[in-house]
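Asks: So that we are looking at the same thing, I have put the structure below in structure tokens.
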Amino acid sequence: MNIIDPHIHLFDLTLGDYQWLKPENPPLWQDKSSIYKNFSENDLQLKDLNKTLDITGFVHIEAGFDNQSPWREVQWLESSCKLNFKSVACVDLTAPKEHFLKEIENLLNFKSVVGCRHILDESAVEILQHPNSLMNLKTLSDNQLSFDLQMPLSDTQSVETLTRILKQLPELIVIINHAGSPPYTLDAHNNSDDEFNLWLQGLKAFSQFKNCAIKCSGWEMKKRDYHSTWCEAVIDYCINLFTIDRVMLGSNFPLCLFSQNYHDVWQFNSQLAHYNQQQLEQLCSENTKRWYKFQP
């Protein structure tokens, strides 16, 4: 099976800024030092003795290389990577219109750029309600750039705010990161858990928009020792609501190394019990090709 990983980050500490990786800055993870080093595409290694899995491409998601000049990260990637890849660049949705347009014009000079991301997380409502955000999201849509959405879908107010925006921008493609941060309940089928129910409501709300897709990755972000049965349950919920055509499985490399090696992530993704070979190929490569505009 050919793998196209829809969510990775590469680092060059000699060239980039990466403020979030520095030990004194948030997130204050005790194990953050384990990824505070350079990572290149050569580190995307699958130790597959039977050669049943092969990484043939990836989507690079902005990693804080230079948030003031996002084009620099893309320039570095395009000058150093050999694998087929696409880029999701950093943007500031709250920036003034003229500044935002200039940033987009700069990014469109690079062939790998297909989308942008502004990490919303706990500031989602404030950012989405900023007077510049709707206009700048429209600029992305007008330039056929997708928006990678990183925020917890259990945040009801943020979900309501963004769904209102999507009704105004029906052409905007939104790709949800890390399954919308589902809560780490012991059993994801436990519908009595309030936070889980809020996440599920958010999932349902975005699933109604046909231009929305979702990536299942980043399980380690809040719980390093997550259980595979929880991951499987979350993936099932995403597929049941979005349909299999709008779901992608990814790694969040190198952050996945907090919990397991890269090969084990893809061993798990490629062997989900509920899905046949064709469906697994959709989840592990074909959907990423389509949503991130890889050429045939």
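Every chain in the structure tokens takes a letter, A first, then B, and so on in the order presented; its residues are numbered from 1, and the ligands are numbered from 1 following the presented order.
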Might you pull out every residue within 10 Å of segment 197-212 of chain A, with only C-alpha atoms counted and same-chain residues fewer than 3 positions away left off, and present them as an MDAnalysis selection string?

Replies: chainID A and resid 146:149 152:160 162:163 166:167 170:176 179:183 188:194 234 237:243 246:247 291

Asks: Output the selection as a short mmCIF file (atom, residue, chain, number, x, y, z; two decimals), in the first residue's frame - N, CA and C atoms for each residue.

Replies:
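Just written: result.cif:
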data_model
loop_
_atom_site.label_atom_id
_atom_site.label_comp_id
_atom_site.auth_asym_id
_atom_site.auth_seq_id
_atom_site.Cartn_x
_atom_site.Cartn_y
_atom_site.Cartn_z
N SER A 146 -7.38 25.79 0.64
CA SER A 146 -8.16 25.23 1.74
C SER A 146 -7.70 25.83 3.06
N PHE A 147 -8.53 25.62 4.10
CA PHE A 147 -8.19 26.07 5.44
C PHE A 147 -8.13 24.87 6.36
N ASP A 148 -6.95 24.63 6.98
CA ASP A 148 -6.81 23.57 7.96
C ASP A 148 -7.28 24.09 9.31
N LEU A 149 -8.30 23.44 9.85
CA LEU A 149 -8.95 23.90 11.08
C LEU A 149 -8.44 23.12 12.28
N PRO A 152 -10.92 22.47 19.15
CA PRO A 152 -11.74 21.39 19.69
C PRO A 152 -13.19 21.53 19.24
N LEU A 153 -13.75 20.48 18.68
CA LEU A 153 -15.13 20.53 18.22
C LEU A 153 -16.12 20.49 19.39
N SER A 154 -15.63 20.29 20.59
CA SER A 154 -16.48 20.39 21.77
C SER A 154 -16.73 21.83 22.18
N ASP A 155 -16.04 22.78 21.54
CA ASP A 155 -16.22 24.21 21.80
C ASP A 155 -17.44 24.69 21.01
N THR A 156 -18.59 24.63 21.65
CA THR A 156 -19.86 24.89 20.97
C THR A 156 -19.93 26.26 20.33
N GLN A 157 -19.49 27.28 21.04
CA GLN A 157 -19.58 28.64 20.50
C GLN A 157 -18.72 28.80 19.25
N SER A 158 -17.53 28.19 19.26
CA SER A 158 -16.66 28.27 18.08
C SER A 158 -17.26 27.52 16.90
N VAL A 159 -17.83 26.36 17.17
CA VAL A 159 -18.49 25.59 16.11
C VAL A 159 -19.62 26.40 15.49
N GLU A 160 -20.44 27.02 16.33
CA GLU A 160 -21.55 27.81 15.81
C GLU A 160 -21.04 28.99 14.99
N LEU A 162 -18.15 29.26 13.32
CA LEU A 162 -17.57 28.85 12.05
C LEU A 162 -18.62 28.29 11.10
N THR A 163 -19.61 27.60 11.59
CA THR A 163 -20.65 27.09 10.69
C THR A 163 -21.43 28.24 10.06
N LEU A 166 -19.24 29.36 7.25
CA LEU A 166 -19.26 28.42 6.12
C LEU A 166 -20.53 28.57 5.28
N LYS A 167 -21.61 28.95 5.90
CA LYS A 167 -22.84 29.18 5.14
C LYS A 167 -22.70 30.40 4.22
N PRO A 170 -19.69 29.11 0.84
CA PRO A 170 -19.95 27.70 0.50
C PRO A 170 -18.85 27.03 -0.31
N GLU A 171 -17.94 27.81 -0.89
CA GLU A 171 -16.85 27.23 -1.69
C GLU A 171 -15.59 26.98 -0.88
N LEU A 172 -15.54 27.46 0.35
CA LEU A 172 -14.33 27.30 1.17
C LEU A 172 -14.17 25.84 1.60
N ILE A 173 -13.02 25.27 1.32
CA ILE A 173 -12.71 23.91 1.75
C ILE A 173 -12.06 23.98 3.13
N VAL A 174 -12.62 23.24 4.07
CA VAL A 174 -12.11 23.19 5.44
C VAL A 174 -11.71 21.76 5.76
N ILE A 175 -10.50 21.59 6.25
CA ILE A 175 -10.00 20.26 6.62
C ILE A 175 -9.68 20.29 8.11
N ILE A 176 -10.45 19.52 8.88
CA ILE A 176 -10.33 19.51 10.32
C ILE A 176 -9.10 18.71 10.75
N ALA A 179 -8.92 15.14 14.17
CA ALA A 179 -10.28 14.68 14.48
C ALA A 179 -11.04 15.66 15.38
N GLY A 180 -10.63 16.93 15.36
CA GLY A 180 -11.32 17.92 16.16
C GLY A 180 -11.12 17.75 17.66
N SER A 181 -9.98 17.18 18.05
CA SER A 181 -9.62 17.01 19.47
C SER A 181 -10.70 16.31 20.28
N PRO A 182 -11.02 15.07 19.96
CA PRO A 182 -12.01 14.35 20.76
C PRO A 182 -11.50 14.14 22.19
N PRO A 183 -12.39 14.18 23.17
CA PRO A 183 -11.95 14.00 24.56
C PRO A 183 -11.43 12.59 24.79
N ALA A 188 -14.80 5.72 24.04
CA ALA A 188 -15.39 6.75 23.19
C ALA A 188 -16.85 6.47 22.86
N HIS A 189 -17.35 5.26 23.15
CA HIS A 189 -18.75 4.96 22.93
C HIS A 189 -19.61 5.31 24.14
N ASN A 190 -19.00 5.90 25.17
CA ASN A 190 -19.73 6.25 26.38
C ASN A 190 -20.45 7.58 26.16
N ASN A 191 -21.69 7.50 25.70
CA ASN A 191 -22.43 8.70 25.34
C ASN A 191 -22.92 9.51 26.53
N SER A 192 -22.64 9.03 27.75
CA SER A 192 -23.04 9.79 28.93
C SER A 192 -22.01 10.85 29.29
N ASP A 193 -20.88 10.86 28.60
CA ASP A 193 -19.83 11.83 28.87
C ASP A 193 -20.18 13.15 28.18
N ASP A 194 -20.31 14.24 28.96
CA ASP A 194 -20.78 15.51 28.42
C ASP A 194 -19.84 16.07 27.35
N VAL A 234 -13.11 6.56 17.53
CA VAL A 234 -13.16 7.93 17.00
C VAL A 234 -13.16 7.90 15.47
N TYR A 237 -16.57 6.98 14.20
CA TYR A 237 -17.52 8.08 14.27
C TYR A 237 -17.30 9.05 13.10
N CYS A 238 -16.04 9.37 12.81
CA CYS A 238 -15.73 10.30 11.72
C CYS A 238 -16.21 9.74 10.38
N ILE A 239 -15.95 8.49 10.13
CA ILE A 239 -16.34 7.87 8.85
C ILE A 239 -17.86 7.77 8.75
N ASN A 240 -18.51 7.40 9.83
CA ASN A 240 -19.97 7.27 9.80
C ASN A 240 -20.66 8.59 9.49
N LEU A 241 -20.09 9.70 9.98
CA LEU A 241 -20.72 11.00 9.77
C LEU A 241 -20.25 11.68 8.48
N PHE A 242 -18.96 11.64 8.21
CA PHE A 242 -18.42 12.33 7.04
C PHE A 242 -18.46 11.48 5.77
N THR A 243 -18.64 10.20 5.91
CA THR A 243 -18.47 9.17 4.88
C THR A 243 -16.99 8.97 4.61
N ARG A 246 -14.39 11.50 2.89
CA ARG A 246 -13.96 12.77 3.49
C ARG A 246 -13.15 12.58 4.76
N VAL A 247 -12.54 11.40 4.90
CA VAL A 247 -11.72 11.11 6.07
C VAL A 247 -10.32 10.70 5.62
N TRP A 291 -8.15 15.72 -1.70
CA TRP A 291 -8.40 16.92 -0.89
C TRP A 291 -7.24 17.90 -0.92
#

Asks: DSSP on the backbone, then: every residue of segment 43-81 of chain A marked strand (DSSP E), written as a ChimeraX atom specification.

Replies: /A:54-61

Asks: Write to file, as a compact mmCIF listing (two decimals), in the first residue's frame, the residues of the selection just made, with N, CA, C and O atoms.

Replies:
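Result went into again_6.txt, see below:
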# COMPACT_ATOMS: atom_id res chain seq x y z
N ASP A 54 4.58 1.81 1.80
CA ASP A 54 5.59 2.68 1.20
C ASP A 54 5.11 4.13 1.25
O ASP A 54 4.02 4.44 0.78
N ILE A 55 5.92 5.00 1.84
CA ILE A 55 5.59 6.43 1.86
C ILE A 55 5.95 7.05 0.52
O ILE A 55 7.12 7.08 0.12
N THR A 56 4.93 7.52 -0.20
CA THR A 56 5.17 8.09 -1.52
C THR A 56 4.95 9.61 -1.56
O THR A 56 5.22 10.25 -2.58
N GLY A 57 4.45 10.17 -0.47
CA GLY A 57 4.22 11.61 -0.44
C GLY A 57 3.69 12.03 0.92
O GLY A 57 3.42 11.21 1.79
N PHE A 58 3.56 13.35 1.11
CA PHE A 58 3.07 13.86 2.38
C PHE A 58 2.52 15.27 2.20
O PHE A 58 2.76 15.94 1.17
N VAL A 59 1.77 15.71 3.19
CA VAL A 59 1.33 17.10 3.29
C VAL A 59 2.04 17.71 4.49
O VAL A 59 1.92 17.21 5.61
N HIS A 60 2.78 18.77 4.24
CA HIS A 60 3.49 19.43 5.34
C HIS A 60 2.62 20.54 5.89
O HIS A 60 2.19 21.44 5.17
N ILE A 61 2.35 20.47 7.20
CA ILE A 61 1.55 21.48 7.88
C ILE A 61 2.48 22.43 8.60
O ILE A 61 3.42 22.00 9.29

Asks: Excluding segment 10-20 of chain A and its own-chain neighbours fewer than 3 positions away, which residues fall within 9 Å of it when counting only C-alpha atoms? Please give them as a list in words.

Replies: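 In the requested form, the answer reads Pro23, Glu24, Asn25, Pro26, Pro27, Tyr36, Lys37, Asn38, Phe39, Ser40, Glu41, His60, Ile61, Glu62, Ala63, Gly64, Phe65, Asp66, Asn67, Arg72, Glu73, Trp76, Leu77, Phe253 and Pro254 of chain A.
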
Asks: I'd like the neighbourhood of Tyr184 of chain A as a ChimeraX atom specification, where a residue qualifies if any of its atoms comes within 9 Å (using only C-alpha atoms), though same-chain residues fewer than 5 positions away should be ignored.

Replies: /A:196,219,222-223,226,230

Asks: For the residues selected in the previous step, produce a file with all heavy atoms as a PDB file, in the first residue's frame.

Replies:
ATOM      1  N   PHE A 196     -17.699  14.472  25.498  1.00  0.00           N
ATOM      2  CA  PHE A 196     -17.765  13.646  24.296  1.00  0.00           C
ATOM      3  C   PHE A 196     -19.006  13.987  23.472  1.00  0.00           C
ATOM      4  O   PHE A 196     -18.948  14.088  22.243  1.00  0.00           O
ATOM      5  CB  PHE A 196     -17.773  12.159  24.657  1.00  0.00           C
ATOM      6  CG  PHE A 196     -17.892  11.272  23.453  1.00  0.00           C
ATOM      7  CD1 PHE A 196     -16.790  11.004  22.673  1.00  0.00           C
ATOM      8  CD2 PHE A 196     -19.121  10.750  23.078  1.00  0.00           C
ATOM      9  CE1 PHE A 196     -16.892  10.209  21.537  1.00  0.00           C
ATOM     10  CE2 PHE A 196     -19.235   9.956  21.947  1.00  0.00           C
ATOM     11  CZ  PHE A 196     -18.119   9.680  21.181  1.00  0.00           C
ATOM     12  N   TRP A 219      -3.278  11.704  18.075  1.00  0.00           N
ATOM     13  CA  TRP A 219      -3.854  11.096  19.278  1.00  0.00           C
ATOM     14  C   TRP A 219      -3.027  11.400  20.531  1.00  0.00           C
ATOM     15  O   TRP A 219      -3.552  11.455  21.638  1.00  0.00           O
ATOM     16  CB  TRP A 219      -3.948   9.575  19.105  1.00  0.00           C
ATOM     17  CG  TRP A 219      -4.542   9.119  17.814  1.00  0.00           C
ATOM     18  CD1 TRP A 219      -3.951   8.317  16.882  1.00  0.00           C
ATOM     19  CD2 TRP A 219      -5.863   9.389  17.306  1.00  0.00           C
ATOM     20  NE1 TRP A 219      -4.814   8.083  15.833  1.00  0.00           N
ATOM     21  CE2 TRP A 219      -5.988   8.729  16.067  1.00  0.00           C
ATOM     22  CE3 TRP A 219      -6.946  10.133  17.786  1.00  0.00           C
ATOM     23  CZ2 TRP A 219      -7.152   8.785  15.293  1.00  0.00           C
ATOM     24  CZ3 TRP A 219      -8.102  10.194  17.012  1.00  0.00           C
ATOM     25  CH2 TRP A 219      -8.192   9.517  15.789  1.00  0.00           C
ATOM     26  N   LYS A 222      -2.761  15.057  23.807  1.00  0.00           N
ATOM     27  CA  LYS A 222      -3.146  15.274  25.200  1.00  0.00           C
ATOM     28  C   LYS A 222      -2.952  14.052  26.079  1.00  0.00           C
ATOM     29  O   LYS A 222      -2.946  14.160  27.304  1.00  0.00           O
ATOM     30  CB  LYS A 222      -4.608  15.725  25.269  1.00  0.00           C
ATOM     31  CG  LYS A 222      -4.847  17.102  24.699  1.00  0.00           C
ATOM     32  CD  LYS A 222      -6.312  17.501  24.798  1.00  0.00           C
ATOM     33  CE  LYS A 222      -6.554  18.851  24.176  1.00  0.00           C
ATOM     34  NZ  LYS A 222      -7.997  19.219  24.198  1.00  0.00           N
ATOM     35  N   LYS A 223      -2.819  12.892  25.457  1.00  0.00           N
ATOM     36  CA  LYS A 223      -2.638  11.664  26.243  1.00  0.00           C
ATOM     37  C   LYS A 223      -1.630  10.774  25.541  1.00  0.00           C
ATOM     38  O   LYS A 223      -1.913  10.230  24.480  1.00  0.00           O
ATOM     39  CB  LYS A 223      -3.973  10.941  26.421  1.00  0.00           C
ATOM     40  CG  LYS A 223      -3.889   9.741  27.364  1.00  0.00           C
ATOM     41  CD  LYS A 223      -5.272   9.166  27.637  1.00  0.00           C
ATOM     42  CE  LYS A 223      -5.206   7.953  28.547  1.00  0.00           C
ATOM     43  NZ  LYS A 223      -4.678   8.273  29.889  1.00  0.00           N
ATOM     44  N   TYR A 226      -2.494   6.727  24.979  1.00  0.00           N
ATOM     45  CA  TYR A 226      -3.837   6.455  24.472  1.00  0.00           C
ATOM     46  C   TYR A 226      -3.976   4.986  24.079  1.00  0.00           C
ATOM     47  O   TYR A 226      -2.992   4.302  23.806  1.00  0.00           O
ATOM     48  CB  TYR A 226      -4.154   7.368  23.282  1.00  0.00           C
ATOM     49  CG  TYR A 226      -3.237   7.163  22.090  1.00  0.00           C
ATOM     50  CD1 TYR A 226      -3.475   6.158  21.158  1.00  0.00           C
ATOM     51  CD2 TYR A 226      -2.127   7.989  21.894  1.00  0.00           C
ATOM     52  CE1 TYR A 226      -2.643   5.980  20.063  1.00  0.00           C
ATOM     53  CE2 TYR A 226      -1.290   7.817  20.807  1.00  0.00           C
ATOM     54  CZ  TYR A 226      -1.556   6.808  19.898  1.00  0.00           C
ATOM     55  OH  TYR A 226      -0.725   6.626  18.823  1.00  0.00           O
ATOM     56  N   TRP A 230      -9.782   3.221  21.533  1.00  0.00           N
ATOM     57  CA  TRP A 230     -10.339   4.574  21.523  1.00  0.00           C
ATOM     58  C   TRP A 230     -10.142   5.221  20.154  1.00  0.00           C
ATOM     59  O   TRP A 230     -11.074   5.816  19.592  1.00  0.00           O
ATOM     60  CB  TRP A 230      -9.678   5.402  22.623  1.00  0.00           C
ATOM     61  CG  TRP A 230     -10.047   6.851  22.570  1.00  0.00           C
ATOM     62  CD1 TRP A 230     -11.204   7.421  23.024  1.00  0.00           C
ATOM     63  CD2 TRP A 230      -9.257   7.903  22.019  1.00  0.00           C
ATOM     64  NE1 TRP A 230     -11.184   8.780  22.789  1.00  0.00           N
ATOM     65  CE2 TRP A 230     -10.003   9.102  22.175  1.00  0.00           C
ATOM     66  CE3 TRP A 230      -7.995   7.951  21.406  1.00  0.00           C
ATOM     67  CZ2 TRP A 230      -9.523  10.328  21.741  1.00  0.00           C
ATOM     68  CZ3 TRP A 230      -7.516   9.179  20.983  1.00  0.00           C
ATOM     69  CH2 TRP A 230      -8.276  10.344  21.153  1.00  0.00           C
TER      70      TRP A 230
END

Asks: When you look at Ile127 of chain A with a cut-off of 12 Å (counting only C-alpha atoms), what residues show up, excluding the ones that are within fewer than 6 positions of it in the same chain? I need them as an MDAnalysis selection string.

Replies: chainID A and resid 92:95 118:121 133:134 136:137 151 158 161:162

Asks: Only N, CA, C and O atoms, please: the residues just picked out, written as a JSON list (two decimals), in the first residue's frame.

Replies:
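Dumped to out.json:
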[["chain", "number", "residue", "atom", "x", "y", "z"],
["A", 92, "ASP", "N", -2.32, 34.53, 9.29],
["A", 92, "ASP", "CA", -2.98, 35.21, 10.41],
["A", 92, "ASP", "C", -4.32, 35.71, 9.90],
["A", 92, "ASP", "O", -4.39, 36.69, 9.14],
["A", 93, "LEU", "N", -5.40, 35.05, 10.30],
["A", 93, "LEU", "CA", -6.73, 35.42, 9.82],
["A", 93, "LEU", "C", -7.15, 36.81, 10.28],
["A", 93, "LEU", "O", -8.04, 37.41, 9.68],
["A", 94, "THR", "N", -6.51, 37.33, 11.32],
["A", 94, "THR", "CA", -6.90, 38.64, 11.84],
["A", 94, "THR", "C", -6.12, 39.78, 11.18],
["A", 94, "THR", "O", -6.36, 40.95, 11.50],
["A", 95, "ALA", "N", -5.22, 39.46, 10.27],
["A", 95, "ALA", "CA", -4.39, 40.49, 9.64],
["A", 95, "ALA", "C", -5.23, 41.43, 8.78],
["A", 95, "ALA", "O", -6.26, 41.04, 8.23],
["A", 118, "HIS", "N", -4.32, 28.71, 10.51],
["A", 118, "HIS", "CA", -4.13, 29.57, 11.67],
["A", 118, "HIS", "C", -4.62, 28.72, 12.84],
["A", 118, "HIS", "O", -5.81, 28.42, 12.92],
["A", 119, "ILE", "N", -3.72, 28.33, 13.74],
["A", 119, "ILE", "CA", -4.12, 27.49, 14.86],
["A", 119, "ILE", "C", -5.07, 28.28, 15.75],
["A", 119, "ILE", "O", -4.70, 29.33, 16.30],
["A", 120, "LEU", "N", -6.28, 27.78, 15.90],
["A", 120, "LEU", "CA", -7.31, 28.48, 16.68],
["A", 120, "LEU", "C", -7.33, 28.01, 18.13],
["A", 120, "LEU", "O", -7.33, 28.81, 19.05],
["A", 121, "ASP", "N", -7.40, 26.70, 18.33],
["A", 121, "ASP", "CA", -7.40, 26.10, 19.67],
["A", 121, "ASP", "C", -8.35, 26.85, 20.61],
["A", 121, "ASP", "O", -9.50, 27.12, 20.27],
["A", 133, "SER", "N", -11.52, 38.23, 9.89],
["A", 133, "SER", "CA", -11.43, 36.79, 9.62],
["A", 133, "SER", "C", -12.32, 36.34, 8.47],
["A", 133, "SER", "O", -11.89, 35.55, 7.61],
["A", 134, "LEU", "N", -13.56, 36.79, 8.43],
["A", 134, "LEU", "CA", -14.46, 36.38, 7.35],
["A", 134, "LEU", "C", -13.90, 36.80, 6.00],
["A", 134, "LEU", "O", -13.86, 36.01, 5.05],
["A", 136, "ASN", "N", -10.80, 37.40, 5.19],
["A", 136, "ASN", "CA", -9.58, 36.68, 4.85],
["A", 136, "ASN", "C", -9.86, 35.22, 4.49],
["A", 136, "ASN", "O", -9.19, 34.65, 3.63],
["A", 137, "LEU", "N", -10.84, 34.62, 5.14],
["A", 137, "LEU", "CA", -11.25, 33.27, 4.73],
["A", 137, "LEU", "C", -11.82, 33.30, 3.32],
["A", 137, "LEU", "O", -11.61, 32.36, 2.53],
["A", 151, "MET", "N", -9.07, 23.19, 16.14],
["A", 151, "MET", "CA", -9.77, 23.65, 17.34],
["A", 151, "MET", "C", -10.60, 22.49, 17.86],
["A", 151, "MET", "O", -10.97, 21.58, 17.10],
["A", 158, "SER", "N", -17.53, 28.19, 19.26],
["A", 158, "SER", "CA", -16.66, 28.27, 18.08],
["A", 158, "SER", "C", -17.26, 27.52, 16.90],
["A", 158, "SER", "O", -17.18, 27.98, 15.75],
["A", 161, "THR", "N", -19.98, 29.63, 15.46],
["A", 161, "THR", "CA", -19.42, 30.78, 14.73],
["A", 161, "THR", "C", -18.90, 30.36, 13.37],
["A", 161, "THR", "O", -19.19, 31.01, 12.35],
["A", 162, "LEU", "N", -18.15, 29.26, 13.32],
["A", 162, "LEU", "CA", -17.57, 28.85, 12.05],
["A", 162, "LEU", "C", -18.62, 28.29, 11.10],
["A", 162, "LEU", "O", -18.53, 28.50, 9.89]]
